[in-house]
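Single-structure report; data block below.
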Amino acid sequence: MYAQMIKSEATQDDPEKLAAFQARIDAGEKIEPKDWMPVGYRKTLIRQIGQHAHSEIVGQLPEGNWITRAPTLERKAILLAKVQDEAGHGLYLYCAAETLGVSRDEMTEMLLDGRMKYSSIFNYPTLTWADMGAVGWLVDGAAIMNQVPLQRTSFGPYSRAMIRVCKEESFHQRQGYDIMMKMAQGTPEQKAMAQNALNRFWYPSLMMFGPSDKDSVHSAQSMAWKIKMNTNDELRQKFVDQTVPQAEYLGLTVPDDTLTWNEEKGGYDFAEPDWDEFFEVIQGNGPCNTERLAARNKAWDDGKWVRDGLLAHAEKRSIRKVAAE
Amino acid sequence: MASVDQTQLFEFLCRMGDNTLVLGHRVSEWCGHAPVLEEDIALANTALDLIGQTQMWLGYAGDVEGKGRTADDLAMLRDVWDFRNVLLVEQPNGDFGQTMMRQFLFDAWHLAMLKALTASSNEQIAAIAAKSVKEVQYHVERSGDTVIGLGDGTSESHKRMQDALNLLWPYVGEMFVADAVDDAMAQAGIAPDLASLRAEFDAHVGGVLAEATLTIPDGKFTHKGGKSGFQHSEHLGHLLTQMQWLQRAYPGATW
Ligand SMILES: [Fe+2]
Ligand SMILES: [Fe+2]
Ligand SMILES: [Fe+2]
């Protein structure tokens, strides 16, 4: 999931309005931008949708890293289209967040100076072509786990953005799995690449769901507001249960010696990722945090003259148009 | 039409396909790094169209050659001297303005060329051109608008666009200089006489650059050697080291 550790804001609104608001949510109504909403609901959503949008944008980088090295014209086109989709997802999500009163430029500045976060997963490097498979299969796969339920989220624009995004994400996951399949059935080197990619991306993918939040007060509030639909542990379990058979089908080994089927719970028992590593990545100490933020900052800074130029031209045009009328 | 030399036809198809291959690659280098999200998406669209066109041109080139080489073989397993793209498209991206100027100058030629190719005596070429021309019509509208917006934007954006034009203008001529291959294509009614495209190009480019308040540099000098393959720039080899790396490092693997 692309939004991790979102704290929901305490709310100090009028209790009557709050109760009416909660009743609408409980009745399954969608909240629209012009409707009354608690301050905390708005702030939490801005943080969550913003983080999600930033994840799509920063998420272009690890896969963009292989576009110029894709092995065939078809693979190159598929990967390019996929990364382009992610940019489109960023765009829908920024639009959804803008309905809450924060502009895309403001959110971008917050990403660039570190006030807003993006998903930890995009701070890991993509080192071989098999990583393009692993990212589609595991990372888009984990994102889908989280985003499918969010299609039912209470905030209308977010829900609608998720519906559009989910269609494309499942396509991405299938494409990623297809790359893995080719590699797993390929030469010994290709198979080794595929296993190596799974070894590196398994635990970071499990971290995407965030640490256990069973007892978190914030999560309880977000769940009541239907901003968060499931606990992190529920989604992680679902992800493992779905992914392990897929790895088996590929003939690859999930890098977890403790992995066993638990008949009683009807799911796998599996090892937790290293949460210390997770918190380090969140703090900025992941393998690629510096490069990712530097790349986004460079794009923004180098692009300033372009944005200014196009804006100046648009202004000149509208002045000329007024003068001509 | 049957009388045309198949080696020359192969050369011609490689020229078309290598232009779109190399430019598509260059444009794809922007993915994730463009000045605004909308431009990132638009650049990816352009690159995707160009890659798709490459598959058609080089796929047909492989058929004509008759040695069983696929579009991927041609793209991934030839070395610099076998590439037949014009020098313009292999020039580095530079800043966003340089990228868009390169795009516009190529698009304007590409559009005129494809329009003429839709009337080719070779049905397959006419069909590829008919499919491509719609895409390129859109490319040139977009790149032209961007050249205008930035040329007639701020003083900084104007200066950058004028610098880009000064840098790239000497690469324009190569697109219009015909050689034996082009003459043979023209005689067989496969492709137009290249010189005949120049008037349309000049009118189109002149109009856009005037609106962009940019000045075409004086000199008549033109760089050559790309489409004949005689002498590419140093940049092409570096591009190929990336593009071809996996195929070269793991020969015979399927991906
Ligand atoms: Fe996405
Ligand atoms: Fe994604
Ligand atoms: Fe995706």
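Chain labels run A, B, ... following the order of the structure tokens; each chain numbers its residues from 1, and ligands are numbered from 1 in the order shown.
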- [ ] Check the DSSP output for the backbone and give back, as a ChimeraX atom specification, the residues of region 12-255 of chain B in alpha helix (DSSP H).
- [x] /B:12-28,37-65,71-77,87-90,96-117,123-151,155-168,180-187,198-211,234-243,245-249
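The residues sitting within 6 Å of ligand 2, with only C-alpha atoms and all ligand atoms considered, come out as A:Glu56, A:Glu86, A:Asp140.
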Write to file, as an mmCIF file, in the first residue's frame, the residues of the selection just made, with C-alpha atoms.
```
data_model
loop_
_atom_site.group_PDB
_atom_site.id
_atom_site.type_symbol
_atom_site.label_atom_id
_atom_site.label_comp_id
_atom_site.auth_asym_id
_atom_site.auth_seq_id
_atom_site.Cartn_x
_atom_site.Cartn_y
_atom_site.Cartn_z
ATOM 1 C CA GLU A 56 2.864 7.031 -7.683
ATOM 2 C CA GLU A 86 1.655 5.592 -12.665
ATOM 3 C CA ASP A 140 1.602 -3.540 -7.714
#
```
Report as a tab-separated table: every residue of region 6-53 of chain B with an atom at most 12 Å from region 114-138 of chain B, its closest pair of atoms, and their distance in Å to one decimal, counting only C-alpha atoms, with rows sorted by chain and ascending residue number.
```
residue	atom	partner	partner_atom	distance
B:Leu9	CA	B:Asn122	CA	10.3
B:Phe10	CA	B:Ile125	CA	11.9
B:Phe12	CA	B:Ile125	CA	10.7
B:Leu13	CA	B:Ile125	CA	8.8
B:Met16	CA	B:Leu114	CA	9.9
B:Gly17	CA	B:Ile128	CA	10.9
B:Thr20	CA	B:Ser132	CA	10.6
B:Ala42	CA	B:Tyr138	CA	10.6
B:Leu43	CA	B:Tyr138	CA	12.0
B:Asn45	CA	B:Glu135	CA	9.6
B:Thr46	CA	B:Glu135	CA	8.2
B:Ala47	CA	B:Glu135	CA	10.9
B:Leu48	CA	B:Glu135	CA	10.2
B:Asp49	CA	B:Glu135	CA	6.8
B:Leu50	CA	B:Ser132	CA	8.7
B:Ile51	CA	B:Ser132	CA	11.0
B:Gly52	CA	B:Ser132	CA	8.9
B:Gln53	CA	B:Ser132	CA	6.6
```
TODO: Might you pull out every residue within 12 Å of Asp301 (chain A), with only C-alpha atoms counted and same-chain residues fewer than 2 positions away left off, and present them as a count of residues only?
DONE: 21
Task: Selection as a ChimeraX atom specification: residues within 9 Å of ligand 3 by only C-alpha atoms and all ligand atoms - done: /A:56,59,82-83,85-86,89,135-136,139-141,143-144,165-166,168-173
Take the selection from the previous step and output its residues with C-alpha atoms, as a PDB file, in the first residue's frame.
```
ATOM      1  CA  GLU A  56       2.864   7.031  -7.683  1.00  0.00           C
ATOM      2  CA  GLY A  59       7.319   5.104  -7.944  1.00  0.00           C
ATOM      3  CA  LYS A  82       3.104   1.194 -17.199  1.00  0.00           C
ATOM      4  CA  VAL A  83       5.248   3.987 -15.824  1.00  0.00           C
ATOM      5  CA  ASP A  85       0.022   4.956 -16.035  1.00  0.00           C
ATOM      6  CA  GLU A  86       1.655   5.592 -12.665  1.00  0.00           C
ATOM      7  CA  HIS A  89      -2.473   7.777 -11.111  1.00  0.00           C
ATOM      8  CA  VAL A 135       7.903  -4.902  -8.887  1.00  0.00           C
ATOM      9  CA  GLY A 136       4.835  -5.505 -11.043  1.00  0.00           C
ATOM     10  CA  VAL A 139       4.595  -4.126  -5.465  1.00  0.00           C
ATOM     11  CA  ASP A 140       1.602  -3.540  -7.714  1.00  0.00           C
ATOM     12  CA  GLY A 141       0.142  -6.699  -6.182  1.00  0.00           C
ATOM     13  CA  ALA A 143      -0.919  -1.957  -3.834  1.00  0.00           C
ATOM     14  CA  ILE A 144      -3.984  -3.681  -5.254  1.00  0.00           C
ATOM     15  CA  VAL A 165      -6.483   3.183 -10.659  1.00  0.00           C
ATOM     16  CA  CYS A 166      -7.427  -0.386  -9.764  1.00  0.00           C
ATOM     17  CA  GLU A 168      -4.785  -0.408 -14.443  1.00  0.00           C
ATOM     18  CA  GLU A 169      -3.019  -1.860 -11.431  1.00  0.00           C
ATOM     19  CA  SER A 170      -4.325  -5.354 -12.019  1.00  0.00           C
ATOM     20  CA  PHE A 171      -3.015  -5.089 -15.565  1.00  0.00           C
ATOM     21  CA  HIS A 172       0.388  -4.063 -14.188  1.00  0.00           C
ATOM     22  CA  GLN A 173       0.452  -7.003 -11.864  1.00  0.00           C
TER      23      GLN A 173
END
```
Please find the residues of chain A near chain B - the criterion being any atom within 6 Å, counting only C-alpha atoms - and write them as a tab-separated table (two decimals) with all heavy atoms, in the first residue's frame.
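Result file is iface-v2.tsv:
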```tsv
chain	number	residue	atom	x	y	z
A	60	GLN	N	7.61	6.09	-10.16
A	60	GLN	CA	8.04	6.05	-11.56
A	60	GLN	C	9.54	5.78	-11.67
A	60	GLN	O	10.00	5.26	-12.67
A	60	GLN	CB	7.79	7.41	-12.24
A	60	GLN	CG	6.34	7.74	-12.56
A	60	GLN	CD	6.27	9.06	-13.33
A	60	GLN	OE1	6.29	10.13	-12.77
A	60	GLN	NE2	6.23	8.96	-14.65
A	61	LEU	N	10.28	6.18	-10.64
A	61	LEU	CA	11.74	6.17	-10.78
A	61	LEU	C	12.37	4.78	-10.82
A	61	LEU	O	13.17	4.50	-11.70
A	61	LEU	CB	12.38	7.04	-9.68
A	61	LEU	CG	11.97	8.52	-9.75
A	61	LEU	CD1	12.46	9.27	-8.52
A	61	LEU	CD2	12.51	9.17	-11.02
A	68	THR	N	15.18	2.43	-20.61
A	68	THR	CA	16.18	2.52	-21.68
A	68	THR	C	16.99	1.23	-21.84
A	68	THR	O	17.80	1.11	-22.74
A	68	THR	CB	17.15	3.69	-21.45
A	68	THR	OG1	17.80	3.49	-20.18
A	68	THR	CG2	16.44	5.02	-21.47
A	69	ARG	N	16.78	0.28	-20.93
A	69	ARG	CA	17.50	-1.00	-21.04
A	69	ARG	C	16.56	-2.18	-21.27
A	69	ARG	O	16.98	-3.34	-21.15
A	69	ARG	CB	18.33	-1.23	-19.76
A	69	ARG	CG	19.52	-0.30	-19.66
A	69	ARG	CD	20.30	-0.54	-18.38
A	69	ARG	NE	19.56	-0.06	-17.21
A	69	ARG	CZ	19.94	-0.26	-15.95
A	69	ARG	NH1	21.04	-0.94	-15.70
A	69	ARG	NH2	19.23	0.22	-14.96
A	71	PRO	N	14.69	-5.21	-22.77
A	71	PRO	CA	15.34	-6.13	-23.70
A	71	PRO	C	14.72	-6.22	-25.10
A	71	PRO	O	15.40	-6.66	-26.02
A	71	PRO	CB	15.24	-7.48	-23.00
A	71	PRO	CG	14.08	-7.36	-22.08
A	71	PRO	CD	14.04	-5.93	-21.66
A	72	THR	N	13.46	-5.89	-25.25
A	72	THR	CA	12.84	-5.93	-26.58
A	72	THR	C	11.98	-4.68	-26.75
A	72	THR	O	11.64	-4.01	-25.78
A	72	THR	CB	11.90	-7.15	-26.75
A	72	THR	OG1	10.78	-6.98	-25.87
A	72	THR	CG2	12.59	-8.46	-26.44
A	77	ALA	N	7.90	-0.94	-24.67
A	77	ALA	CA	6.62	-0.25	-24.80
A	77	ALA	C	5.73	-0.55	-23.59
A	77	ALA	O	5.09	0.35	-23.03
A	77	ALA	CB	5.93	-0.67	-26.09
A	84	GLN	N	3.98	5.34	-17.36
A	84	GLN	CA	3.09	6.45	-17.73
A	84	GLN	C	1.77	6.35	-16.96
A	84	GLN	O	1.24	7.35	-16.49
A	84	GLN	CB	2.84	6.41	-19.23
A	84	GLN	CG	2.01	7.56	-19.74
A	84	GLN	CD	1.50	7.30	-21.15
A	84	GLN	OE1	1.26	6.16	-21.54
A	84	GLN	NE2	1.37	8.35	-21.92
A	182	LYS	N	8.56	-15.57	-17.75
A	182	LYS	CA	9.56	-15.71	-18.82
A	182	LYS	C	10.95	-15.97	-18.22
A	182	LYS	O	11.71	-16.79	-18.73
A	182	LYS	CB	9.62	-14.43	-19.67
A	182	LYS	CG	8.63	-14.40	-20.81
A	182	LYS	CD	9.28	-14.95	-22.06
A	182	LYS	CE	8.36	-15.22	-23.24
A	182	LYS	NZ	6.97	-14.94	-23.16
A	299	ALA	N	14.16	17.36	-11.14
A	299	ALA	CA	13.11	17.53	-12.16
A	299	ALA	C	12.34	18.83	-11.90
A	299	ALA	O	12.04	19.59	-12.82
A	299	ALA	CB	12.16	16.33	-12.16
A	300	TRP	N	12.06	19.08	-10.64
A	300	TRP	CA	11.27	20.27	-10.28
A	300	TRP	C	12.08	21.54	-10.51
A	300	TRP	O	11.60	22.50	-11.12
A	300	TRP	CB	10.85	20.14	-8.82
A	300	TRP	CG	9.90	21.18	-8.33
A	300	TRP	CD1	10.16	22.16	-7.40
A	300	TRP	CD2	8.53	21.37	-8.73
A	300	TRP	NE1	9.04	22.93	-7.20
A	300	TRP	CE2	8.02	22.47	-8.00
A	300	TRP	CE3	7.68	20.70	-9.63
A	300	TRP	CZ2	6.71	22.93	-8.14
A	300	TRP	CZ3	6.37	21.17	-9.77
A	300	TRP	CH2	5.90	22.27	-9.04
A	303	GLY	N	12.88	22.19	-14.11
A	303	GLY	CA	11.66	22.47	-14.88
A	303	GLY	C	11.06	23.83	-14.59
A	303	GLY	O	10.09	24.22	-15.23
A	309	GLY	N	7.88	29.79	-18.17
A	309	GLY	CA	7.77	30.21	-19.57
A	309	GLY	C	6.37	29.96	-20.11
A	309	GLY	O	5.76	30.84	-20.73
A	310	LEU	N	5.84	28.78	-19.85
A	310	LEU	CA	4.52	28.44	-20.38
A	310	LEU	C	3.43	29.30	-19.74
A	310	LEU	O	2.48	29.72	-20.39
A	310	LEU	CB	4.24	26.94	-20.19
A	310	LEU	CG	5.14	26.00	-21.01
A	310	LEU	CD1	4.86	24.53	-20.65
A	310	LEU	CD2	4.97	26.20	-22.52
A	312	ALA	N	3.91	32.37	-18.51
A	312	ALA	CA	4.06	33.73	-19.06
A	312	ALA	C	3.41	33.81	-20.44
A	312	ALA	O	2.73	34.78	-20.78
A	312	ALA	CB	5.54	34.11	-19.14
A	313	HIS	N	3.61	32.76	-21.22
A	313	HIS	CA	3.02	32.76	-22.57
A	313	HIS	C	1.49	32.76	-22.49
A	313	HIS	O	0.82	33.50	-23.21
A	313	HIS	CB	3.50	31.55	-23.37
A	313	HIS	CG	2.91	31.49	-24.73
A	313	HIS	ND1	3.29	32.35	-25.74
A	313	HIS	CD2	1.94	30.71	-25.26
A	313	HIS	CE1	2.58	32.09	-26.82
A	313	HIS	NE2	1.75	31.09	-26.57
```
Task: Distance query region 246-261 of chain A at most 10 Å, only C-alpha atoms, self and fewer than 5 positions along chain excluded, as a list in words - done: Trp137, Tyr177, Met180, Met181, Lys182, Met183, Ala184, Gln185, Lys191, Ala192, Ala194, Gln195, Asn196, Leu198, Asn199, Arg200, Phe201, Trp202, Tyr203, Val240, Asp241, Gly266, Gly267, Tyr268, Asp269, Phe270, Ala271, Glu272 and Pro273 of chain A
Selected residues written out with N, CA and C atoms, as an mmCIF file, in the first residue's frame:
```cif
data_model
loop_
_atom_site.group_PDB
_atom_site.id
_atom_site.type_symbol
_atom_site.label_atom_id
_atom_site.label_comp_id
_atom_site.auth_asym_id
_atom_site.auth_seq_id
_atom_site.Cartn_x
_atom_site.Cartn_y
_atom_site.Cartn_z
ATOM 1 N N TRP A 137 4.689 -7.683 -10.086
ATOM 2 C CA TRP A 137 4.028 -8.798 -9.393
ATOM 3 C C TRP A 137 3.790 -8.475 -7.913
ATOM 4 N N TYR A 177 3.976 -10.342 -13.546
ATOM 5 C CA TYR A 177 4.030 -11.806 -13.376
ATOM 6 C C TYR A 177 4.478 -12.467 -14.681
ATOM 7 N N MET A 180 8.145 -12.334 -14.866
ATOM 8 C CA MET A 180 8.716 -13.334 -13.948
ATOM 9 C C MET A 180 8.634 -14.735 -14.562
ATOM 10 N N MET A 181 7.525 -14.988 -15.213
ATOM 11 C CA MET A 181 7.310 -16.305 -15.824
ATOM 12 C C MET A 181 8.357 -16.567 -16.904
ATOM 13 N N LYS A 182 8.564 -15.569 -17.748
ATOM 14 C CA LYS A 182 9.564 -15.706 -18.817
ATOM 15 C C LYS A 182 10.945 -15.965 -18.217
ATOM 16 N N MET A 183 11.247 -15.260 -17.152
ATOM 17 C CA MET A 183 12.568 -15.380 -16.534
ATOM 18 C C MET A 183 12.699 -16.743 -15.853
ATOM 19 N N ALA A 184 11.643 -17.129 -15.147
ATOM 20 C CA ALA A 184 11.699 -18.383 -14.392
ATOM 21 C C ALA A 184 11.793 -19.592 -15.324
ATOM 22 N N GLN A 185 11.257 -19.427 -16.528
ATOM 23 C CA GLN A 185 11.320 -20.532 -17.499
ATOM 24 C C GLN A 185 12.478 -20.364 -18.479
ATOM 25 N N LYS A 191 16.751 -17.414 -14.567
ATOM 26 C CA LYS A 191 16.082 -17.963 -13.389
ATOM 27 C C LYS A 191 16.745 -17.438 -12.115
ATOM 28 N N ALA A 192 18.075 -17.355 -12.148
ATOM 29 C CA ALA A 192 18.790 -16.821 -10.986
ATOM 30 C C ALA A 192 18.432 -15.359 -10.750
ATOM 31 N N ALA A 194 15.584 -14.007 -11.466
ATOM 32 C CA ALA A 194 14.219 -13.980 -10.925
ATOM 33 C C ALA A 194 14.244 -14.290 -9.423
ATOM 34 N N GLN A 195 15.010 -15.299 -9.034
ATOM 35 C CA GLN A 195 15.086 -15.657 -7.614
ATOM 36 C C GLN A 195 15.711 -14.520 -6.808
ATOM 37 N N ASN A 196 16.752 -13.929 -7.380
ATOM 38 C CA ASN A 196 17.437 -12.825 -6.715
ATOM 39 C C ASN A 196 16.473 -11.642 -6.501
ATOM 40 N N LEU A 198 13.194 -11.822 -6.219
ATOM 41 C CA LEU A 198 12.237 -12.188 -5.164
ATOM 42 C C LEU A 198 12.903 -12.069 -3.787
ATOM 43 N N ASN A 199 14.150 -12.512 -3.696
ATOM 44 C CA ASN A 199 14.868 -12.417 -2.415
ATOM 45 C C ASN A 199 14.930 -10.979 -1.916
ATOM 46 N N ARG A 200 15.189 -10.052 -2.826
ATOM 47 C CA ARG A 200 15.323 -8.657 -2.390
ATOM 48 C C ARG A 200 13.976 -7.969 -2.168
ATOM 49 N N PHE A 201 12.947 -8.341 -2.946
ATOM 50 C CA PHE A 201 11.683 -7.589 -2.856
ATOM 51 C C PHE A 201 10.650 -8.191 -1.914
ATOM 52 N N TRP A 202 10.885 -9.410 -1.425
ATOM 53 C CA TRP A 202 9.864 -10.047 -0.582
ATOM 54 C C TRP A 202 9.561 -9.233 0.680
ATOM 55 N N TYR A 203 10.583 -9.023 1.505
ATOM 56 C CA TYR A 203 10.319 -8.337 2.779
ATOM 57 C C TYR A 203 9.928 -6.867 2.601
ATOM 58 N N VAL A 240 0.210 -12.445 1.501
ATOM 59 C CA VAL A 240 1.065 -13.634 1.584
ATOM 60 C C VAL A 240 0.303 -14.844 1.054
ATOM 61 N N ASP A 241 -0.942 -14.974 1.467
ATOM 62 C CA ASP A 241 -1.730 -16.142 1.042
ATOM 63 C C ASP A 241 -1.908 -16.172 -0.482
ATOM 64 N N GLY A 266 -6.338 -21.180 8.149
ATOM 65 C CA GLY A 266 -6.584 -21.145 6.709
ATOM 66 C C GLY A 266 -5.693 -20.143 6.011
ATOM 67 N N GLY A 267 -4.481 -19.990 6.512
ATOM 68 C CA GLY A 267 -3.531 -19.056 5.889
ATOM 69 C C GLY A 267 -2.117 -19.445 6.265
ATOM 70 N N TYR A 268 -1.158 -18.743 5.695
ATOM 71 C CA TYR A 268 0.236 -19.056 6.000
ATOM 72 C C TYR A 268 0.687 -18.373 7.281
ATOM 73 N N ASP A 269 1.577 -19.060 8.022
ATOM 74 C CA ASP A 269 2.373 -18.393 9.053
ATOM 75 C C ASP A 269 3.653 -17.955 8.364
ATOM 76 N N PHE A 270 4.072 -16.746 8.647
ATOM 77 C CA PHE A 270 5.255 -16.233 7.934
ATOM 78 C C PHE A 270 6.046 -15.312 8.847
ATOM 79 N N ALA A 271 7.296 -15.072 8.466
ATOM 80 C CA ALA A 271 8.172 -14.217 9.277
ATOM 81 C C ALA A 271 7.865 -12.749 9.008
ATOM 82 N N GLU A 272 7.900 -11.973 10.071
ATOM 83 C CA GLU A 272 7.727 -10.524 9.945
ATOM 84 C C GLU A 272 8.954 -9.932 9.269
ATOM 85 N N PRO A 273 8.775 -8.877 8.526
ATOM 86 C CA PRO A 273 9.969 -8.177 8.027
ATOM 87 C C PRO A 273 10.721 -7.504 9.177
#
```
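Of note, CA of Arg42 (chain A) and CA of Leu100 (chain A) are spaced 6.6 Å apart.
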